[in-house]
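Q: Next up, coords-v4.pdb (PDB, C-alpha atoms and all ligand atoms).
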ATOM      1  CA  MET A   1     -26.419 -86.674 -63.686
ATOM      2  CA  ASP A   2     -25.981 -83.512 -65.731
ATOM      3  CA  ILE A   3     -27.701 -80.545 -64.126
ATOM      4  CA  ASN A   4     -28.148 -77.199 -65.793
ATOM      5  CA  ILE A   5     -29.018 -74.189 -63.666
ATOM      6  CA  THR A   6     -29.745 -70.708 -64.929
ATOM      7  CA  LYS A   7     -28.443 -67.549 -63.320
ATOM      8  CA  LYS A   8     -32.032 -66.570 -62.631
ATOM      9  CA  GLN A   9     -32.562 -69.801 -60.695
ATOM     10  CA  ILE A  10     -29.483 -68.965 -58.621
ATOM     11  CA  ALA A  11     -30.750 -65.452 -57.904
ATOM     12  CA  ASP A  12     -34.212 -66.805 -57.012
ATOM     13  CA  ALA A  13     -32.766 -69.495 -54.733
ATOM     14  CA  ALA A  14     -30.668 -66.863 -52.959
ATOM     15  CA  GLN A  15     -33.804 -64.749 -52.428
ATOM     16  CA  THR A  16     -35.734 -67.769 -51.127
ATOM     17  CA  ALA A  17     -32.882 -68.626 -48.754
ATOM     18  CA  TYR A  18     -32.543 -65.035 -47.580
ATOM     19  CA  ASP A  19     -36.288 -64.648 -46.911
ATOM     20  CA  TYR A  20     -36.401 -67.963 -45.094
ATOM     21  CA  ALA A  21     -33.334 -67.361 -42.933
ATOM     22  CA  LYS A  22     -34.441 -63.846 -42.003
ATOM     23  CA  GLY A  23     -37.210 -65.463 -39.992
ATOM     24  CA  VAL A  24     -34.853 -67.913 -38.257
ATOM     25  CA  THR A  25     -34.102 -66.917 -34.683
ATOM     26  CA  GLY A  26     -31.993 -68.365 -31.907
ATOM     27  CA  GLY A  27     -28.347 -68.299 -30.960
ATOM     28  CA  ALA A  28     -26.382 -65.522 -29.316
ATOM     29  CA  ASN A  29     -23.496 -63.237 -30.248
ATOM     30  CA  ALA A  30     -20.054 -64.431 -29.170
ATOM     31  CA  ASN A  31     -19.498 -62.887 -25.752
ATOM     32  CA  TYR A  32     -15.996 -64.063 -24.862
ATOM     33  CA  ILE A  33     -14.688 -61.293 -27.125
ATOM     34  CA  PRO A  34     -16.361 -58.146 -25.658
ATOM     35  CA  PHE A  35     -16.474 -56.251 -28.979
ATOM     36  CA  LEU A  36     -18.483 -59.001 -30.683
ATOM     37  CA  ALA A  37     -21.094 -59.096 -27.940
ATOM     38  CA  ASN A  38     -22.205 -55.590 -28.920
ATOM     39  CA  ILE A  39     -22.697 -56.055 -32.663
ATOM     40  CA  ASP A  40     -26.314 -55.641 -33.823
ATOM     41  CA  PRO A  41     -27.704 -59.211 -33.848
ATOM     42  CA  GLN A  42     -30.227 -58.310 -36.557
ATOM     43  CA  LEU A  43     -27.560 -57.764 -39.228
ATOM     44  CA  PHE A  44     -27.854 -60.353 -41.968
ATOM     45  CA  GLY A  45     -26.346 -60.678 -45.422
ATOM     46  CA  LEU A  46     -26.193 -63.367 -48.085
ATOM     47  CA  SER A  47     -23.816 -63.272 -51.070
ATOM     48  CA  VAL A  48     -23.251 -65.684 -53.931
ATOM     49  CA  MET A  49     -20.582 -65.448 -56.618
ATOM     50  CA  LEU A  50     -20.073 -67.532 -59.719
ATOM     51  CA  PRO A  51     -16.677 -68.248 -61.324
ATOM     52  CA  ASP A  52     -17.538 -65.732 -64.073
ATOM     53  CA  GLY A  53     -17.964 -62.941 -61.510
ATOM     54  CA  THR A  54     -21.775 -62.864 -61.503
ATOM     55  CA  ALA A  55     -22.794 -61.789 -58.000
ATOM     56  CA  VAL A  56     -25.982 -61.891 -55.953
ATOM     57  CA  ASN A  57     -26.009 -59.779 -52.785
ATOM     58  CA  LEU A  58     -28.956 -59.608 -50.390
ATOM     59  CA  GLY A  59     -29.208 -57.691 -47.115
ATOM     60  CA  ASP A  60     -26.233 -56.325 -45.186
ATOM     61  CA  THR A  61     -23.580 -57.473 -47.628
ATOM     62  CA  ASP A  62     -21.483 -54.286 -47.372
ATOM     63  CA  TYR A  63     -21.237 -54.386 -43.579
ATOM     64  CA  ARG A  64     -17.697 -55.074 -42.362
ATOM     65  CA  PHE A  65     -17.764 -57.701 -39.641
ATOM     66  CA  GLY A  66     -14.935 -59.508 -37.877
ATOM     67  CA  ILE A  67     -13.667 -62.270 -40.170
ATOM     68  CA  GLU A  68     -12.479 -64.282 -37.131
ATOM     69  CA  SER A  69     -11.917 -67.960 -37.917
ATOM     70  CA  VAL A  70     -12.783 -67.615 -41.582
ATOM     71  CA  SER A  71      -9.314 -65.967 -41.764
ATOM     72  CA  LYS A  72      -7.836 -69.415 -41.154
ATOM     73  CA  VAL A  73      -8.781 -70.307 -44.740
ATOM     74  CA  PRO A  74      -6.770 -67.612 -46.570
ATOM     75  CA  THR A  75      -3.761 -68.009 -44.292
ATOM     76  CA  ALA A  76      -3.739 -71.774 -44.853
ATOM     77  CA  ILE A  77      -3.810 -70.994 -48.580
ATOM     78  CA  LEU A  78      -0.891 -68.580 -48.131
ATOM     79  CA  ALA A  79       1.142 -71.196 -46.251
ATOM     80  CA  MET A  80       0.484 -73.593 -49.152
ATOM     81  CA  ARG A  81       1.417 -70.925 -51.712
ATOM     82  CA  GLN A  82       4.661 -70.056 -49.934
ATOM     83  CA  SER A  83       5.660 -73.580 -48.912
ATOM     84  CA  SER A  84       3.465 -76.329 -50.397
ATOM     85  CA  PRO A  85       0.364 -78.355 -49.531
ATOM     86  CA  LYS A  86       2.759 -81.154 -48.522
ATOM     87  CA  ALA A  87       4.633 -78.862 -46.115
ATOM     88  CA  VAL A  88       1.339 -77.805 -44.516
ATOM     89  CA  LEU A  89       0.382 -81.469 -44.108
ATOM     90  CA  GLU A  90       3.723 -82.317 -42.538
ATOM     91  CA  GLN A  91       4.119 -79.260 -40.327
ATOM     92  CA  ILE A  92       0.494 -78.801 -39.288
ATOM     93  CA  GLY A  93      -1.708 -81.656 -40.530
ATOM     94  CA  ALA A  94      -5.107 -82.179 -42.122
ATOM     95  CA  ASP A  95      -7.100 -84.086 -39.523
ATOM     96  CA  ALA A  96     -10.351 -82.956 -37.952
ATOM     97  CA  THR A  97     -10.126 -82.648 -34.200
ATOM     98  CA  GLY A  98     -13.824 -83.309 -33.508
ATOM     99  CA  LEU A  99     -13.400 -80.789 -30.705
ATOM    100  CA  PRO A 100     -14.117 -77.078 -30.187
ATOM    101  CA  PHE A 101     -11.986 -74.580 -32.154
ATOM    102  CA  ASN A 102     -10.010 -73.466 -29.111
ATOM    103  CA  SER A 103      -9.411 -76.917 -27.664
ATOM    104  CA  ILE A 104      -6.234 -77.450 -25.691
ATOM    105  CA  PHE A 105      -7.203 -81.065 -25.173
ATOM    106  CA  ALA A 106      -6.897 -81.597 -28.952
ATOM    107  CA  ILE A 107      -3.253 -80.510 -28.825
ATOM    108  CA  LEU A 108      -2.487 -82.912 -26.003
ATOM    109  CA  LEU A 109      -4.247 -85.786 -27.771
ATOM    110  CA  GLU A 110      -2.373 -85.274 -31.044
ATOM    111  CA  ASN A 111       1.039 -84.504 -29.711
ATOM    112  CA  ASP A 112       2.798 -85.091 -33.009
ATOM    113  CA  HIS A 113       1.049 -82.266 -34.877
ATOM    114  CA  PRO A 114      -1.589 -79.570 -34.281
ATOM    115  CA  SER A 115      -3.906 -81.428 -36.721
ATOM    116  CA  THR A 116      -5.322 -78.761 -39.052
ATOM    117  CA  PRO A 117      -4.760 -75.088 -39.910
ATOM    118  CA  LEU A 118      -8.492 -74.468 -39.477
ATOM    119  CA  VAL A 119      -8.583 -74.660 -35.669
ATOM    120  CA  ASN A 120      -6.867 -72.163 -33.381
ATOM    121  CA  ALA A 121      -3.746 -74.241 -32.690
ATOM    122  CA  GLY A 122      -3.095 -75.034 -36.349
ATOM    123  CA  ALA A 123      -3.937 -71.480 -37.402
ATOM    124  CA  ILE A 124      -1.354 -70.064 -34.995
ATOM    125  CA  SER A 125       1.120 -72.596 -36.435
ATOM    126  CA  ALA A 126       0.140 -71.476 -39.951
ATOM    127  CA  CYS A 127       0.891 -67.849 -38.986
ATOM    128  CA  SER A 128       4.265 -69.022 -37.721
ATOM    129  CA  MET A 129       4.965 -70.679 -41.105
ATOM    130  CA  ILE A 130       4.365 -67.477 -43.080
ATOM    131  CA  GLU A 131       7.437 -65.973 -44.753
ATOM    132  CA  PRO A 132       9.546 -63.982 -44.182
ATOM    133  CA  LYS A 133      10.173 -65.540 -40.782
ATOM    134  CA  GLY A 134      11.096 -63.209 -37.949
ATOM    135  CA  ASP A 135       9.614 -60.109 -39.589
ATOM    136  CA  SER A 136       6.194 -59.372 -38.144
ATOM    137  CA  ASP A 137       5.432 -56.400 -40.408
ATOM    138  CA  ALA A 138       6.374 -58.240 -43.606
ATOM    139  CA  LYS A 139       4.417 -61.324 -42.528
ATOM    140  CA  TRP A 140       1.373 -59.156 -41.811
ATOM    141  CA  THR A 141       1.659 -57.533 -45.231
ATOM    142  CA  ALA A 142       1.805 -60.996 -46.833
ATOM    143  CA  ILE A 143      -1.300 -62.131 -44.907
ATOM    144  CA  VAL A 144      -3.331 -59.033 -45.841
ATOM    145  CA  ASP A 145      -2.144 -58.990 -49.466
ATOM    146  CA  ASN A 146      -3.166 -62.629 -49.844
ATOM    147  CA  ILE A 147      -6.683 -61.876 -48.554
ATOM    148  CA  THR A 148      -6.873 -58.874 -50.884
ATOM    149  CA  GLU A 149      -5.932 -61.040 -53.863
ATOM    150  CA  LEU A 150      -8.464 -63.706 -52.902
ATOM    151  CA  CYS A 151     -11.292 -61.169 -52.459
ATOM    152  CA  GLY A 152     -10.303 -58.755 -55.209
ATOM    153  CA  SER A 153     -10.499 -55.949 -52.635
ATOM    154  CA  ALA A 154      -8.818 -55.188 -49.320
ATOM    155  CA  PRO A 155     -10.031 -56.118 -45.825
ATOM    156  CA  GLN A 156      -9.711 -53.465 -43.090
ATOM    157  CA  LEU A 157      -8.476 -54.005 -39.569
ATOM    158  CA  ILE A 158     -11.158 -53.297 -36.938
ATOM    159  CA  ASP A 159      -8.824 -51.791 -34.388
ATOM    160  CA  GLU A 160     -11.319 -51.958 -31.530
ATOM    161  CA  LEU A 161     -11.852 -55.681 -32.167
ATOM    162  CA  TYR A 162      -8.097 -56.293 -32.279
ATOM    163  CA  LYS A 163      -7.686 -54.542 -28.920
ATOM    164  CA  SER A 164     -10.675 -56.350 -27.429
ATOM    165  CA  GLU A 165      -9.412 -59.718 -28.578
ATOM    166  CA  SER A 166      -5.781 -59.102 -27.604
ATOM    167  CA  ALA A 167      -6.854 -58.156 -24.092
ATOM    168  CA  THR A 168      -8.863 -61.335 -23.567
ATOM    169  CA  ASN A 169      -7.119 -64.100 -25.566
ATOM    170  CA  PHE A 170      -5.684 -65.997 -22.594
ATOM    171  CA  ASN A 171      -6.677 -69.410 -23.940
ATOM    172  CA  ASN A 172      -4.914 -68.712 -27.231
ATOM    173  CA  ARG A 173      -1.807 -67.564 -25.364
ATOM    174  CA  ALA A 174      -1.755 -70.950 -23.644
ATOM    175  CA  ILE A 175      -2.125 -72.668 -27.034
ATOM    176  CA  ALA A 176       0.827 -70.733 -28.513
ATOM    177  CA  TRP A 177       3.132 -71.739 -25.688
ATOM    178  CA  LEU A 178       1.917 -75.322 -25.733
ATOM    179  CA  LEU A 179       2.738 -75.457 -29.448
ATOM    180  CA  LYS A 180       6.197 -74.141 -28.618
ATOM    181  CA  ASN A 181       6.550 -76.899 -26.048
ATOM    182  CA  TYR A 182       5.822 -79.502 -28.736
ATOM    183  CA  ASN A 183       8.066 -77.845 -31.377
ATOM    184  CA  ARG A 184       5.051 -77.146 -33.539
ATOM    185  CA  ILE A 185       5.496 -73.427 -33.936
ATOM    186  CA  TYR A 186       7.955 -72.228 -36.570
ATOM    187  CA  ASP A 187       8.567 -68.620 -35.567
ATOM    188  CA  ASP A 188       8.341 -66.569 -32.398
ATOM    189  CA  PRO A 189       5.224 -67.792 -30.486
ATOM    190  CA  ALA A 190       4.120 -64.359 -29.249
ATOM    191  CA  MET A 191       4.492 -62.877 -32.739
ATOM    192  CA  SER A 192       2.620 -65.786 -34.324
ATOM    193  CA  LEU A 193      -0.211 -65.392 -31.832
ATOM    194  CA  ASP A 194      -0.375 -61.651 -32.443
ATOM    195  CA  LEU A 195      -0.582 -62.180 -36.219
ATOM    196  CA  TYR A 196      -3.357 -64.709 -35.687
ATOM    197  CA  THR A 197      -5.278 -62.328 -33.408
ATOM    198  CA  ARG A 198      -4.845 -59.476 -35.870
ATOM    199  CA  GLN A 199      -5.998 -61.502 -38.859
ATOM    200  CA  CYS A 200      -9.096 -62.556 -36.884
ATOM    201  CA  SER A 201      -9.809 -58.835 -36.304
ATOM    202  CA  LEU A 202      -9.938 -57.944 -39.977
ATOM    203  CA  GLY A 203     -13.229 -56.466 -41.109
ATOM    204  CA  ILE A 204     -14.673 -58.129 -44.188
ATOM    205  CA  THR A 205     -18.026 -58.087 -45.983
ATOM    206  CA  SER A 206     -20.054 -61.085 -47.078
ATOM    207  CA  ALA A 207     -19.642 -59.849 -50.675
ATOM    208  CA  GLN A 208     -15.860 -60.076 -50.227
ATOM    209  CA  LEU A 209     -16.069 -63.519 -48.637
ATOM    210  CA  ALA A 210     -18.212 -64.763 -51.521
ATOM    211  CA  ALA A 211     -15.477 -63.586 -53.907
ATOM    212  CA  MET A 212     -12.887 -65.469 -51.854
ATOM    213  CA  ALA A 213     -15.113 -68.564 -51.918
ATOM    214  CA  ALA A 214     -15.615 -68.221 -55.672
ATOM    215  CA  THR A 215     -11.841 -67.921 -56.178
ATOM    216  CA  ILE A 216     -11.432 -71.259 -54.392
ATOM    217  CA  ALA A 217     -14.372 -72.783 -56.302
ATOM    218  CA  ALA A 218     -12.772 -71.603 -59.550
ATOM    219  CA  GLY A 219      -9.507 -73.370 -58.742
ATOM    220  CA  GLY A 220      -7.539 -70.269 -57.796
ATOM    221  CA  VAL A 221      -8.572 -67.663 -60.371
ATOM    222  CA  ASN A 222     -10.281 -64.623 -58.868
ATOM    223  CA  PRO A 223     -13.532 -63.997 -60.814
ATOM    224  CA  LEU A 224     -13.339 -60.237 -60.268
ATOM    225  CA  THR A 225      -9.711 -59.561 -61.158
ATOM    226  CA  GLY A 226      -9.176 -62.494 -63.521
ATOM    227  CA  LYS A 227      -5.859 -63.088 -61.761
ATOM    228  CA  ARG A 228      -4.609 -66.549 -60.835
ATOM    229  CA  VAL A 229      -4.063 -66.234 -57.082
ATOM    230  CA  PHE A 230      -2.911 -69.772 -56.339
ATOM    231  CA  ASP A 231      -2.003 -72.996 -58.153
ATOM    232  CA  ARG A 232      -4.909 -75.164 -59.159
ATOM    233  CA  GLY A 233      -3.653 -78.014 -56.958
ATOM    234  CA  ILE A 234      -4.212 -75.954 -53.808
ATOM    235  CA  ALA A 235      -7.993 -75.702 -54.378
ATOM    236  CA  PRO A 236      -8.839 -79.349 -53.530
ATOM    237  CA  LYS A 237      -6.486 -79.229 -50.531
ATOM    238  CA  ILE A 238      -8.063 -76.161 -48.938
ATOM    239  CA  THR A 239     -11.564 -77.413 -49.750
ATOM    240  CA  THR A 240     -10.716 -80.719 -48.068
ATOM    241  CA  LEU A 241      -9.661 -78.888 -44.925
ATOM    242  CA  ILE A 242     -12.877 -76.843 -45.013
ATOM    243  CA  ALA A 243     -15.003 -79.965 -45.570
ATOM    244  CA  THR A 244     -13.417 -81.899 -42.718
ATOM    245  CA  VAL A 245     -13.275 -79.293 -39.945
ATOM    246  CA  GLY A 246     -14.930 -76.044 -41.077
ATOM    247  CA  PHE A 247     -17.619 -76.216 -38.401
ATOM    248  CA  TYR A 248     -15.442 -77.869 -35.723
ATOM    249  CA  GLN A 249     -17.274 -80.550 -33.729
ATOM    250  CA  ASN A 250     -20.403 -80.027 -35.867
ATOM    251  CA  THR A 251     -18.684 -80.427 -39.232
ATOM    252  CA  GLY A 252     -20.030 -83.875 -40.086
ATOM    253  CA  ASP A 253     -23.604 -82.884 -39.277
ATOM    254  CA  TRP A 254     -23.163 -79.739 -41.329
ATOM    255  CA  LEU A 255     -21.839 -81.463 -44.466
ATOM    256  CA  TYR A 256     -24.406 -84.249 -44.136
ATOM    257  CA  THR A 257     -27.310 -81.828 -43.985
ATOM    258  CA  SER A 258     -26.115 -78.968 -46.222
ATOM    259  CA  GLY A 259     -24.011 -80.663 -48.898
ATOM    260  CA  ILE A 260     -21.448 -77.840 -49.020
ATOM    261  CA  PRO A 261     -18.000 -77.531 -47.430
ATOM    262  CA  ALA A 262     -18.091 -74.351 -45.337
ATOM    263  CA  LYS A 263     -16.030 -72.446 -42.790
ATOM    264  CA  SER A 264     -17.420 -70.339 -39.984
ATOM    265  CA  GLY A 265     -16.158 -67.563 -37.738
ATOM    266  CA  VAL A 266     -17.435 -66.286 -34.397
ATOM    267  CA  GLY A 267     -18.010 -62.886 -36.006
ATOM    268  CA  GLY A 268     -21.021 -64.567 -37.646
ATOM    269  CA  GLY A 269     -19.522 -65.209 -41.076
ATOM    270  CA  VAL A 270     -19.781 -68.404 -43.093
ATOM    271  CA  LEU A 271     -17.912 -69.094 -46.353
ATOM    272  CA  GLY A 272     -19.025 -72.027 -48.521
ATOM    273  CA  VAL A 273     -17.312 -73.566 -51.544
ATOM    274  CA  LEU A 274     -19.009 -75.726 -54.148
ATOM    275  CA  PRO A 275     -16.010 -76.704 -56.289
ATOM    276  CA  GLY A 276     -16.297 -75.691 -59.923
ATOM    277  CA  VAL A 277     -19.733 -74.205 -59.383
ATOM    278  CA  LEU A 278     -19.948 -71.280 -56.975
ATOM    279  CA  GLY A 279     -18.886 -69.542 -53.800
ATOM    280  CA  ILE A 280     -21.342 -68.427 -51.137
ATOM    281  CA  ALA A 281     -21.063 -66.371 -47.962
ATOM    282  CA  ALA A 282     -23.502 -65.372 -45.275
ATOM    283  CA  PHE A 283     -23.232 -63.224 -42.177
ATOM    284  CA  ALA A 284     -25.390 -62.934 -39.047
ATOM    285  CA  PRO A 285     -23.917 -62.521 -35.547
ATOM    286  CA  PRO A 286     -25.946 -64.938 -33.342
ATOM    287  CA  LEU A 287     -24.115 -68.279 -32.977
ATOM    288  CA  ASP A 288     -24.999 -71.810 -31.940
ATOM    289  CA  SER A 289     -23.138 -73.607 -29.159
ATOM    290  CA  ALA A 290     -20.247 -74.599 -31.470
ATOM    291  CA  GLY A 291     -19.728 -70.966 -32.534
ATOM    292  CA  ASN A 292     -21.396 -71.188 -35.955
ATOM    293  CA  SER A 293     -23.872 -68.523 -37.126
ATOM    294  CA  VAL A 294     -27.435 -69.819 -36.817
ATOM    295  CA  ARG A 295     -28.961 -67.664 -39.533
ATOM    296  CA  ALA A 296     -26.003 -67.983 -41.924
ATOM    297  CA  GLN A 297     -26.217 -71.763 -41.673
ATOM    298  CA  ALA A 298     -29.963 -71.657 -42.326
ATOM    299  CA  ALA A 299     -29.479 -69.447 -45.388
ATOM    300  CA  VAL A 300     -26.713 -71.528 -46.985
ATOM    301  CA  LYS A 301     -28.561 -74.775 -46.317
ATOM    302  CA  LYS A 302     -31.784 -73.439 -47.804
ATOM    303  CA  PHE A 303     -29.945 -72.185 -50.876
ATOM    304  CA  MET A 304     -28.389 -75.601 -51.511
ATOM    305  CA  GLU A 305     -31.662 -77.415 -50.885
ATOM    306  CA  THR A 306     -33.635 -75.097 -53.188
ATOM    307  CA  LEU A 307     -31.247 -75.766 -56.078
ATOM    308  CA  GLY A 308     -30.865 -79.468 -55.269
ATOM    309  CA  LEU A 309     -27.090 -79.105 -55.159
ATOM    310  CA  GLY A 310     -24.607 -81.065 -53.054
ATOM    311  CA  VAL A 311     -20.880 -81.659 -53.255
ATOM    312  CA  MET A 312     -21.383 -85.395 -52.768
ATOM    313  CA  ASN A 313     -24.245 -85.711 -55.270
ATOM    314  CA  GLY A 314     -21.978 -86.680 -58.148
ATOM    315  CA  ASP A 315     -23.750 -84.317 -60.552
ATOM    316  CA  ARG A 316     -22.062 -82.361 -63.338
ATOM    317  CA  VAL A 317     -23.392 -78.851 -62.870
ATOM    318  CA  THR A 318     -23.397 -76.226 -65.583
ATOM    319  CA  ILE A 319     -24.671 -72.690 -65.193
ATOM    320  CA  THR A 320     -26.121 -70.793 -68.127
ATOM    321  CA  GLU A 321     -27.728 -67.390 -68.660
TER
HETATM  322  N1  LIG B   1     -10.350 -65.152 -32.788
HETATM  323  C1  LIG B   1     -11.240 -66.186 -32.350
HETATM  324  C2  LIG B   1     -10.540 -67.075 -31.345
HETATM  325  O1  LIG B   1      -9.395 -67.328 -31.511
HETATM  326  C3  LIG B   1     -11.710 -66.972 -33.529
HETATM  327  C4  LIG B   1     -12.582 -68.143 -33.181
HETATM  328  C5  LIG B   1     -13.604 -68.487 -34.217
HETATM  329  O2  LIG B   1     -14.001 -67.682 -35.041
HETATM  330  N2  LIG B   1     -14.113 -69.689 -34.127
HETATM  331  O3  LIG B   1     -11.099 -67.509 -30.395
END
Starting from the coordinates I provided, produce the structure as structure tokens.

A:
Amino acid sequence: MDINITKKQIADAAQTAYDYAKGVTGGANANYIPFLANIDPQLFGLSVMLPDGTAVNLGDTDYRFGIESVSKVPTAILAMRQSSPKAVLEQIGADATGLPFNSIFAILLENDHPSTPLVNAGAISACSMIEPKGDSDAKWTAIVDNITELCGSAPQLIDELYKSESATNFNNRAIAWLLKNYNRIYDDPAMSLDLYTRQCSLGITSAQLAAMAATIAAGGVNPLTGKRVFDRGIAPKITTLIATVGFYQNTGDWLYTSGIPAKSGVGGGVLGVLPGVLGIAAFAPPLDSAGNSVRAQAAVKKFMETLGLGVMNGDRVTITE
């Protein structure tokens, strides 16, 4: 079916979703990273961006929160830009684990590859793939520059979060060395882990994440800068990864009920991509048991439902003034 939606309808649906989700309670801040446990649980922001740069921002959309696992998306894109989608498939994989993001069991079960760059193991592998190999500073610059290009503005390291996470990331240290054991890390393991931890500690706003999402939805052209950030062919690959594992063991339920591929982070962020149509991001710290923001999920779901949109609906969507 052909569906036409006006920009006003999008703004109204965002307001409806924001008002609804503001009243949704439940969940708890991540507490295994001490810094995150202390973030104000009432913070809440919802941002939408269209491929032409039109933006809707409601609530705390300028607040810089820890990007955490949403950072796995841009770094997977960077690995595809520098190598190729095929190289990422071969060296990391594109399969959902069906298990929690930090699962060690998943690595043991799939001992021929870490399965996907959107869980911890695959994300550490993705950091190891980043060029130039062996040069931590240059790799870090490449990771941050890529995020800046995707958002159209720079993220900022939250130093306290980086320290907090580095001091407590014992499980991830085990993952890095296990990957080394299986020859699935392509640079120094300790350096790759540190880059992963640092990228998770970047502060980002929901407005920035919506721009990143819109860049993916627009096939690689950033709506704010007009710059082509990545080849068109990368967009369906990254969106596939997001659709299959973005919410870890809850991904199927999420896609089934929301109709939008989305990626979460334990900082409370969610980034959603409706290919060709729009990018959306929401942020609220309290998480469900899988580590996905309760209020952000409620907001994105309500937005999709209000507009009657869904990636699997088979509709041709156009947006007009
Ligand atoms: N830095 C966090 C970790 O590795 C990210 C997890 C997440 O956001 N799901 O545990």

Q: Going by the chain IDs and residue numbers used in this file, which residues fall under the PyMOL selection byres (((chain A and resi 237-254) around 6) and not hetatm)? Write them as a PyMOL selection string.

A: chain A and resi 96+98-101+234-236+255-258+261-263

Q: If the PyMOL selection byres (((not hetatm)) within 8 of (chain B and resi 1)) is run on the structure shown, which residues does it catch, given as a list in words?

A: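 Here the PyMOL selection byres (((not hetatm)) within 8 of (chain B and resi 1)) matches Ile33, Ile67, Glu68, Ser69, Val70, Phe101, Asn102, Val119, Asn120, Glu165, Asn169, Asn172, Tyr196, Thr197, Cys200, Ser201, Ser264, Gly265, Val266, Gly267, Gly291 and Asn292 of chain A.
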
Q: Let's have the selection written as a PDB file, keeping the file's coordinate frame, with C-alpha atoms.

A:
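What landed in part.pdb:
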ATOM      1  CA  ILE A  33     -14.688 -61.293 -27.125  1.00  0.00           C
ATOM      2  CA  ILE A  67     -13.667 -62.270 -40.170  1.00  0.00           C
ATOM      3  CA  GLU A  68     -12.479 -64.282 -37.131  1.00  0.00           C
ATOM      4  CA  SER A  69     -11.917 -67.960 -37.917  1.00  0.00           C
ATOM      5  CA  VAL A  70     -12.783 -67.615 -41.582  1.00  0.00           C
ATOM      6  CA  PHE A 101     -11.986 -74.580 -32.154  1.00  0.00           C
ATOM      7  CA  ASN A 102     -10.010 -73.466 -29.111  1.00  0.00           C
ATOM      8  CA  VAL A 119      -8.583 -74.660 -35.669  1.00  0.00           C
ATOM      9  CA  ASN A 120      -6.867 -72.163 -33.381  1.00  0.00           C
ATOM     10  CA  GLU A 165      -9.412 -59.718 -28.578  1.00  0.00           C
ATOM     11  CA  ASN A 169      -7.119 -64.100 -25.566  1.00  0.00           C
ATOM     12  CA  ASN A 172      -4.914 -68.712 -27.231  1.00  0.00           C
ATOM     13  CA  TYR A 196      -3.357 -64.709 -35.687  1.00  0.00           C
ATOM     14  CA  THR A 197      -5.278 -62.328 -33.408  1.00  0.00           C
ATOM     15  CA  CYS A 200      -9.096 -62.556 -36.884  1.00  0.00           C
ATOM     16  CA  SER A 201      -9.809 -58.835 -36.304  1.00  0.00           C
ATOM     17  CA  SER A 264     -17.420 -70.339 -39.984  1.00  0.00           C
ATOM     18  CA  GLY A 265     -16.158 -67.563 -37.738  1.00  0.00           C
ATOM     19  CA  VAL A 266     -17.435 -66.286 -34.397  1.00  0.00           C
ATOM     20  CA  GLY A 267     -18.010 -62.886 -36.006  1.00  0.00           C
ATOM     21  CA  GLY A 291     -19.728 -70.966 -32.534  1.00  0.00           C
ATOM     22  CA  ASN A 292     -21.396 -71.188 -35.955  1.00  0.00           C
TER      23      ASN A 292
END

Q: Give me the stretch 115-147 of chain A side of the contact with stretch 189-194 of chain A, cut-off 10 Å, one line per residue showing its nearest atom pair and distance in Å at one decimal, counting all atoms listed in the file, sorted by chain and residue number, as a Markdown table.

A:
| residue | atom | partner | partner_atom | distance |
| --- | --- | --- | --- | --- |
| A:Asn120 | CA | A:Leu193 | CA | 9.6 |
| A:Ala121 | CA | A:Leu193 | CA | 9.6 |
| A:Ala123 | CA | A:Leu193 | CA | 9.1 |
| A:Ile124 | CA | A:Leu193 | CA | 5.8 |
| A:Ser125 | CA | A:Ser192 | CA | 7.3 |
| A:Ala126 | CA | A:Ser192 | CA | 8.4 |
| A:Cys127 | CA | A:Ser192 | CA | 5.4 |
| A:Ser128 | CA | A:Ser192 | CA | 5.0 |
| A:Met129 | CA | A:Ser192 | CA | 8.7 |
| A:Ile130 | CA | A:Ser192 | CA | 9.1 |
| A:Lys133 | CA | A:Ser192 | CA | 9.9 |
| A:Gly134 | CA | A:Met191 | CA | 8.4 |
| A:Asp135 | CA | A:Met191 | CA | 9.0 |
| A:Ser136 | CA | A:Met191 | CA | 6.7 |
| A:Lys139 | CA | A:Ser192 | CA | 9.5 |
| A:Trp140 | CA | A:Asp194 | CA | 9.9 |

Q: Go ahead and write the selection's residues with C-alpha atoms as a short mmCIF file (atom, residue, chain, number, x, y, z; two decimals), keeping the file's coordinate frame.

A:
data_model
loop_
_atom_site.label_atom_id
_atom_site.label_comp_id
_atom_site.auth_asym_id
_atom_site.auth_seq_id
_atom_site.Cartn_x
_atom_site.Cartn_y
_atom_site.Cartn_z
CA ASN A 120 -6.87 -72.16 -33.38
CA ALA A 121 -3.75 -74.24 -32.69
CA ALA A 123 -3.94 -71.48 -37.40
CA ILE A 124 -1.35 -70.06 -34.99
CA SER A 125 1.12 -72.60 -36.44
CA ALA A 126 0.14 -71.48 -39.95
CA CYS A 127 0.89 -67.85 -38.99
CA SER A 128 4.26 -69.02 -37.72
CA MET A 129 4.96 -70.68 -41.10
CA ILE A 130 4.36 -67.48 -43.08
CA LYS A 133 10.17 -65.54 -40.78
CA GLY A 134 11.10 -63.21 -37.95
CA ASP A 135 9.61 -60.11 -39.59
CA SER A 136 6.19 -59.37 -38.14
CA LYS A 139 4.42 -61.32 -42.53
CA TRP A 140 1.37 -59.16 -41.81
#

Q: Here's the selection I'm unsure about, the PyMOL selection byres (((chain A and resi 114) around 12) and not hetatm); applied to the file above, which residues does it give, as a PyMOL selection string?

A: chain A and resi 88-97+101-113+115-126+175-176+178-185

Q: Starting from 8 Å padding per side, set up an axis-aligned box that covers all listed atoms of stretch 194-207 of chain A and hand over centre and edge lengths in Å, one decimal, as AutoDock Vina command-line options.

A:
--center_x -10.2 --center_y -60.6 --center_z -41.6 --size_x 35.7 --size_y 24.2 --size_z 34.2

Q: So, counting only C-alpha atoms, which residue among A:Gly26, A:Lys301, A:Arg316, A:Gly203 is closest to A:Ala154?

A: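 Nearest to A:Ala154: A:Gly203.
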